[in-house]
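Beneath this line is the structure, given in structure tokens, with notes to follow.
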Amino acid sequence: MTAHFEEALKQSSLHPKPAGLILEYGTSGFRTNAKQLDHIMFRMGLLATLRSKKTKATIGVMVTASHNPEEDNGVKLIDPMGEMVTPAWEGYATQLANAEQEDLLAAMKDITGKEAIDITQEASVFVGKDTRGSSASLSQSVLDGVNALGGHSKNYGLVTTPQLHYMVCCQNTQGKYGEATMDGYYSKLCTAFLHLTKHASNRTDDQKHLCVDGANGIGALKLQEMESHVKKNLQISIFNDGSKGKLNFQCGADFVKVQQKPPAGIEINPGDRCCSFDGDADRIVYYYTDSQGCFHLLDGDKIATLICTYLKELINQAGLDLKIAVVQTAYANGSSTRYLEDTMKVIVKCTKTGVKHLHHAALEFDIGVYFEANGHGTVLFSKAAEEMIQKLAEDSSINDERKKAAVLLQSTITVINQTVGDAISDMLLIEAILAIKGMTLQQWDAIYSDLPNRQLKVKVSDRRVIDTADAERRAVSPAGLQEAIDTLVKKYRQARSFARPSGTEDVVRVYAEADTQEDADALAHEVSLAVYRLAGGVGDEPKPLH
Ligand code: NG1
Ligand code: ZN
């Protein structure tokens, strides 16, 4: 076995680990300042190769730090069906990343032994990267790692995160999910989009135009590539295309969602339809300004509601008996949960933050719509549901209404990237739904009214002192924190608040909602103070927002 590892060890010294540096595979892989990541990349190349040998399938490695600032970078592993890597291997990733050079052989042997990996097995790894300055050399380090262990690699170069997930899934399903090429991706999604919008006869020209904030990232480049495929039915104006602005700086989906305001670099006229991608194009949020110049955000919760409404109508029209559910996190606006449960009568599940949790929960249903409030999400159809829809669409004995619904459902499945949240695919789906329903952003927005809310960050010396339960909605430790939050929440109407340690930043996140913005802001501030005092805050005490 050692012979196979010799080359890896030799090459590893060309990607030295800063002694003592400890990093953890977090909510979405490793993520930190790009300068600290070279050894991590090489070792993730090694680990992906081992994972490929274990699963006898192609594994993906994506180099990106999503919505983080330009100077950061990160890496995550993609499992054979295009899903996030399985939790046990997140542990191996941390183990391998933190081994000092002299312990690396032992770490590789340990993983190989525990997983009973046949080291002579062939391996295949797909690699992709975002547009950060550091991504080129870091993705080369991943490729070096794969080569060092004798794996085959395919370098996709610049791709969005969801595009790489898609490629991995296509490859491992022998093309059943689609063709593992960029052309294959565009052609699958765009053909479905054109088919869906063909049925939208009452759409005005105005509704065919969309402004997209590309966050100065990879999404902007990929939209440019795709534009000509959908031009007939959707004209896209791309802003923040990376030609001058800085990645994610005052723009992108995370900025718009957290700041609740339009991004820089885009001029919005009242009524314009706009959306923002994040830095690796796996998140999307929509927005518009009204005639008073007031900004309106349509976030992941609104997107989930729109998609769920549309799918439920189609399922009814098709006469299918399929169970549909929406999966959310604690950050979902309380109004959305109430609307989905009380008015739409759909099942709503709440999971911990992080798409792998939502994805997993959504798999339990015939149709699982999952979205984080920040705009990361997709729809999963069970194999049985897909087969039922397919059969119905091919059934010549049913009436026209059922047939049309079944055919629309089929194209809807095709336009969706079921491997992971995908801003491009979500955008095409949302555009198609709005077109089919002849709906404006204002009408979509009016489905329910968001409760005013606020998200804040608190710096503490060790955020792990906060332990949570009940899908992160309650703090189990430190002692007294939950009681303090409960007391504060009681002061306000329709209020809710929670605090949890971030999985991607060294902060505690505080969320609050209430029936007015002033109250949501006040509650968020008061809970931040409680966190600061009870969980070891550092620096200045949080200041009130007003
Ligand atoms: P953390 O930092 O754990 O809150 C953030 C997002 C997640 C998810 C991950 C991965 C919020 C409140 N949190 O996680 O939803 O998207 O980043 O990118 O938006
Ligand atoms: Zn992202």
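Residues in the structure tokens are named by chain (A, B, ... in the order shown) and by number from 1 within that chain; ligands are numbered from 1 in the order shown.
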**Study point:** Contacts of Ala253 in chain A within 7 Å, only C-alpha atoms, excl. fewer than 4 positions in-chain, as a ChimeraX atom specification
**Key:** /A:257,276-278,283-285
Review point. What lies within 8 Å of range 369-371 of chain A using only C-alpha atoms, ignoring chain neighbours under 6 positions off, as a PyMOL selection string?
Key: chain A and resi 300-301+303-304+307-308+324-328+358-359+362+377-380
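Between CA of Gln101 in chain A and CA of Ile40 in chain A the separation is 12.0 Å.
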For the contact check between chain A and ligand 2, emit one row per residue of chain A within 7 Å, containing the shortest atom pair and the distance in Å rounded to one decimal, counting only C-alpha atoms and all ligand atoms, chain then rising number order, as a tab-separated table.
```
residue	atom	partner	partner_atom_place_in_ligand_line	distance
A:Ser66	CA	ligand 2	1 (Zn)	3.9
A:His67	CA	ligand 2	1 (Zn)	5.6
A:Asp278	CA	ligand 2	1 (Zn)	5.5
A:Gly279	CA	ligand 2	1 (Zn)	5.9
A:Asp280	CA	ligand 2	1 (Zn)	4.8
A:Ala281	CA	ligand 2	1 (Zn)	5.8
A:Asp282	CA	ligand 2	1 (Zn)	4.7
A:Arg283	CA	ligand 2	1 (Zn)	5.6
```
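By only C-alpha atoms, and with residues fewer than 5 positions from Leu47 in chain A along its chain excluded, the set lying at most 10 Å from it is Met41, Phe42, Ser52, Lys53, Ile59, Val61, Leu77, Trp89, Tyr92, Ala93, Leu96, Ala97, Met108, Ile111, Thr112, Val142, Gly145, Val146 and Leu149 of chain A.
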Create the file for the chosen residues now, containing all heavy atoms and written as a CSV table (one decimal), in the first residue's frame.
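Ended up saving to selection20.csv:
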```csv
chain,number,residue,atom,x,y,z
A,41,MET,N,-5.9,22.2,-0.6
A,41,MET,CA,-6.3,21.8,-2.0
A,41,MET,C,-5.7,20.5,-2.5
A,41,MET,O,-6.3,19.6,-3.0
A,41,MET,CB,-6.0,23.0,-3.0
A,41,MET,CG,-6.7,24.3,-2.7
A,41,MET,SD,-8.5,24.1,-2.9
A,41,MET,CE,-9.1,25.6,-2.1
A,42,PHE,N,-4.3,20.5,-2.3
A,42,PHE,CA,-3.6,19.3,-2.7
A,42,PHE,C,-4.2,18.0,-2.0
A,42,PHE,O,-4.5,17.0,-2.6
A,42,PHE,CB,-2.1,19.4,-2.3
A,42,PHE,CG,-1.3,18.2,-2.6
A,42,PHE,CD1,-0.9,17.9,-3.9
A,42,PHE,CD2,-1.0,17.3,-1.7
A,42,PHE,CE1,-0.2,16.8,-4.3
A,42,PHE,CE2,-0.2,16.1,-2.0
A,42,PHE,CZ,0.1,15.9,-3.3
A,52,SER,N,-13.2,8.4,-4.8
A,52,SER,CA,-13.6,7.9,-6.1
A,52,SER,C,-13.2,6.4,-6.1
A,52,SER,O,-14.0,5.6,-6.6
A,52,SER,CB,-12.8,8.6,-7.2
A,52,SER,OG,-13.0,7.9,-8.4
A,53,LYS,N,-12.1,6.0,-5.5
A,53,LYS,CA,-11.8,4.5,-5.5
A,53,LYS,C,-12.8,3.8,-4.6
A,53,LYS,O,-13.2,2.7,-5.0
A,53,LYS,CB,-10.4,4.4,-4.9
A,53,LYS,CG,-9.2,4.8,-5.8
A,53,LYS,CD,-7.9,4.7,-5.1
A,53,LYS,CE,-6.7,5.4,-5.9
A,53,LYS,NZ,-6.2,4.6,-7.0
A,59,ILE,N,-15.9,11.7,-8.7
A,59,ILE,CA,-16.1,12.7,-7.5
A,59,ILE,C,-15.8,14.1,-8.0
A,59,ILE,O,-14.9,14.2,-8.9
A,59,ILE,CB,-15.2,12.2,-6.4
A,59,ILE,CG1,-15.6,10.9,-5.8
A,59,ILE,CG2,-15.2,13.3,-5.2
A,59,ILE,CD1,-17.0,10.7,-5.2
A,61,VAL,N,-14.6,18.2,-7.2
A,61,VAL,CA,-14.0,19.1,-6.3
A,61,VAL,C,-14.1,20.5,-6.8
A,61,VAL,O,-13.7,20.8,-7.9
A,61,VAL,CB,-12.5,18.8,-6.1
A,61,VAL,CG1,-11.9,19.7,-5.1
A,61,VAL,CG2,-12.2,17.3,-5.7
A,77,LEU,N,-16.2,19.0,-1.7
A,77,LEU,CA,-16.3,17.7,-2.4
A,77,LEU,C,-17.7,17.4,-2.8
A,77,LEU,O,-18.6,17.6,-2.0
A,77,LEU,CB,-15.7,16.6,-1.5
A,77,LEU,CG,-14.2,16.3,-1.7
A,77,LEU,CD1,-13.4,17.5,-1.5
A,77,LEU,CD2,-13.8,15.2,-0.7
A,89,TRP,N,-17.0,11.4,5.6
A,89,TRP,CA,-15.9,11.9,4.8
A,89,TRP,C,-15.6,13.3,5.1
A,89,TRP,O,-14.4,13.8,4.8
A,89,TRP,CB,-16.1,11.6,3.3
A,89,TRP,CG,-15.8,10.1,3.0
A,89,TRP,CD1,-16.6,9.1,3.4
A,89,TRP,CD2,-14.7,9.6,2.3
A,89,TRP,NE1,-16.0,7.9,3.0
A,89,TRP,CE2,-14.9,8.2,2.3
A,89,TRP,CE3,-13.6,10.1,1.7
A,89,TRP,CZ2,-13.9,7.3,1.7
A,89,TRP,CZ3,-12.6,9.3,1.1
A,89,TRP,CH2,-12.8,7.9,1.1
A,92,TYR,N,-13.0,12.8,7.5
A,92,TYR,CA,-11.7,12.4,7.0
A,92,TYR,C,-11.0,13.7,6.4
A,92,TYR,O,-9.8,13.8,6.4
A,92,TYR,CB,-11.9,11.4,5.9
A,92,TYR,CG,-12.4,10.1,6.3
A,92,TYR,CD1,-13.2,9.3,5.5
A,92,TYR,CD2,-12.1,9.6,7.6
A,92,TYR,CE1,-13.7,8.1,5.9
A,92,TYR,CE2,-12.6,8.3,8.0
A,92,TYR,CZ,-13.4,7.6,7.2
A,92,TYR,OH,-13.9,6.4,7.6
A,93,ALA,N,-11.9,14.5,5.8
A,93,ALA,CA,-11.3,15.8,5.1
A,93,ALA,C,-10.6,16.6,6.2
A,93,ALA,O,-9.5,17.1,6.0
A,93,ALA,CB,-12.4,16.6,4.5
A,96,LEU,N,-7.3,14.7,7.3
A,96,LEU,CA,-6.3,14.8,6.3
A,96,LEU,C,-5.7,16.3,6.2
A,96,LEU,O,-4.5,16.5,6.1
A,96,LEU,CB,-6.8,14.4,4.9
A,96,LEU,CG,-5.8,13.8,3.9
A,96,LEU,CD1,-5.1,12.6,4.5
A,96,LEU,CD2,-6.5,13.5,2.6
A,97,ALA,N,-6.6,17.2,6.3
A,97,ALA,CA,-6.2,18.6,6.2
A,97,ALA,C,-5.3,19.0,7.4
A,97,ALA,O,-4.4,19.9,7.2
A,97,ALA,CB,-7.4,19.5,6.2
A,108,MET,N,-3.5,8.8,5.6
A,108,MET,CA,-4.0,8.2,4.4
A,108,MET,C,-4.3,6.7,4.6
A,108,MET,O,-5.3,6.2,4.1
A,108,MET,CB,-3.0,8.4,3.2
A,108,MET,CG,-3.1,9.8,2.7
A,108,MET,SD,-2.2,10.0,1.1
A,108,MET,CE,-0.5,10.0,1.7
A,111,ILE,N,-7.5,6.2,6.7
A,111,ILE,CA,-8.8,6.3,5.9
A,111,ILE,C,-8.9,5.1,5.0
A,111,ILE,O,-10.0,4.5,4.9
A,111,ILE,CB,-8.7,7.6,5.1
A,111,ILE,CG1,-8.7,8.8,6.1
A,111,ILE,CG2,-9.9,7.7,4.2
A,111,ILE,CD1,-8.3,10.1,5.4
A,112,THR,N,-7.9,4.7,4.3
A,112,THR,CA,-7.9,3.6,3.4
A,112,THR,C,-8.3,2.3,4.1
A,112,THR,O,-9.1,1.5,3.6
A,112,THR,CB,-6.5,3.4,2.7
A,112,THR,OG1,-6.1,4.7,2.2
A,112,THR,CG2,-6.6,2.5,1.5
A,142,VAL,N,-5.3,21.0,-6.5
A,142,VAL,CA,-6.2,19.9,-6.4
A,142,VAL,C,-5.9,18.9,-7.5
A,142,VAL,O,-5.7,17.7,-7.2
A,142,VAL,CB,-7.7,20.4,-6.7
A,142,VAL,CG1,-8.6,19.1,-6.7
A,142,VAL,CG2,-8.2,21.3,-5.6
A,145,GLY,N,-2.9,16.9,-6.6
A,145,GLY,CA,-3.2,15.9,-5.6
A,145,GLY,C,-3.8,14.6,-6.3
A,145,GLY,O,-3.5,13.5,-5.9
A,146,VAL,N,-4.7,14.8,-7.2
A,146,VAL,CA,-5.3,13.7,-7.9
A,146,VAL,C,-4.3,12.9,-8.7
A,146,VAL,O,-4.2,11.7,-8.6
A,146,VAL,CB,-6.4,14.2,-8.9
A,146,VAL,CG1,-7.1,13.0,-9.7
A,146,VAL,CG2,-7.5,15.0,-8.2
A,149,LEU,N,-1.9,10.6,-6.7
A,149,LEU,CA,-2.4,9.3,-6.4
A,149,LEU,C,-2.8,8.5,-7.6
A,149,LEU,O,-3.5,7.4,-7.5
A,149,LEU,CB,-3.6,9.4,-5.4
A,149,LEU,CG,-3.3,9.4,-3.9
A,149,LEU,CD1,-4.6,9.4,-3.1
A,149,LEU,CD2,-2.4,8.2,-3.5
```
Which neighbours of Leu320 in chain A fall inside 9 Å, counting only C-alpha atoms, when residues of the same chain fewer than 3 positions from it are skipped, and could you give them as a compact mmCIF listing (two decimals) with all heavy atoms, in the first residue's frame?
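Generated file (part15.txt):
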```
# COMPACT_ATOMS: atom_id res chain seq x y z
N LEU A 314 -50.43 22.25 -10.79
CA LEU A 314 -50.21 21.31 -11.90
C LEU A 314 -50.56 19.87 -11.49
O LEU A 314 -51.14 19.11 -12.26
CB LEU A 314 -48.76 21.36 -12.37
CG LEU A 314 -48.36 22.52 -13.29
CD1 LEU A 314 -46.93 22.32 -13.76
CD2 LEU A 314 -49.29 22.63 -14.50
N ILE A 315 -50.17 19.53 -10.26
CA ILE A 315 -50.45 18.17 -9.78
C ILE A 315 -51.96 17.93 -9.73
O ILE A 315 -52.46 16.88 -10.13
CB ILE A 315 -49.82 17.96 -8.38
CG1 ILE A 315 -48.30 17.92 -8.50
CG2 ILE A 315 -50.31 16.67 -7.74
CD1 ILE A 315 -47.62 18.12 -7.17
N ASN A 316 -52.69 18.94 -9.25
CA ASN A 316 -54.16 18.83 -9.20
C ASN A 316 -54.74 18.70 -10.60
O ASN A 316 -55.57 17.84 -10.86
CB ASN A 316 -54.77 20.06 -8.51
CG ASN A 316 -54.57 19.98 -7.02
OD1 ASN A 316 -54.28 18.91 -6.48
ND2 ASN A 316 -54.70 21.11 -6.34
N GLN A 317 -54.28 19.57 -11.50
CA GLN A 317 -54.78 19.52 -12.88
C GLN A 317 -54.48 18.18 -13.53
O GLN A 317 -55.27 17.66 -14.30
CB GLN A 317 -54.15 20.63 -13.72
CG GLN A 317 -54.79 22.00 -13.51
CD GLN A 317 -53.90 23.13 -14.01
OE1 GLN A 317 -53.02 22.92 -14.84
NE2 GLN A 317 -54.12 24.31 -13.49
N MET A 388 -44.40 8.43 -12.64
CA MET A 388 -45.85 8.65 -12.76
C MET A 388 -46.15 9.78 -13.74
O MET A 388 -47.06 9.69 -14.57
CB MET A 388 -46.43 9.06 -11.38
CG MET A 388 -46.97 7.90 -10.58
SD MET A 388 -47.19 8.41 -8.87
CE MET A 388 -48.87 8.94 -8.91
N ILE A 389 -45.36 10.85 -13.63
CA ILE A 389 -45.56 12.02 -14.50
C ILE A 389 -45.27 11.65 -15.96
O ILE A 389 -46.03 11.96 -16.87
CB ILE A 389 -44.67 13.20 -14.02
CG1 ILE A 389 -45.20 13.72 -12.69
CG2 ILE A 389 -44.60 14.31 -15.06
CD1 ILE A 389 -44.26 14.62 -11.91
N LEU A 392 -48.04 9.48 -17.40
CA LEU A 392 -49.23 10.26 -17.69
C LEU A 392 -49.06 11.10 -18.95
O LEU A 392 -49.97 11.21 -19.77
CB LEU A 392 -49.54 11.17 -16.49
CG LEU A 392 -50.94 11.78 -16.45
CD1 LEU A 392 -51.97 10.68 -16.24
CD2 LEU A 392 -51.04 12.81 -15.33
```
Practice item. Please identify every polymer residue within 10 Å of ligand 1, using only C-alpha atoms and all ligand atoms, and present the set as a ChimeraX atom specification. Key: /A:26-29,31,65-68,254,257-258,278,280,282-283,329-332,352-356,371-377,455-457,500-511
Exercise for review: Write out as a count of residues only the residues lying within 9 Å of Leu409 in chain A, counting only C-alpha atoms and excluding same-chain residues fewer than 2 positions away.
Suggested key: 15
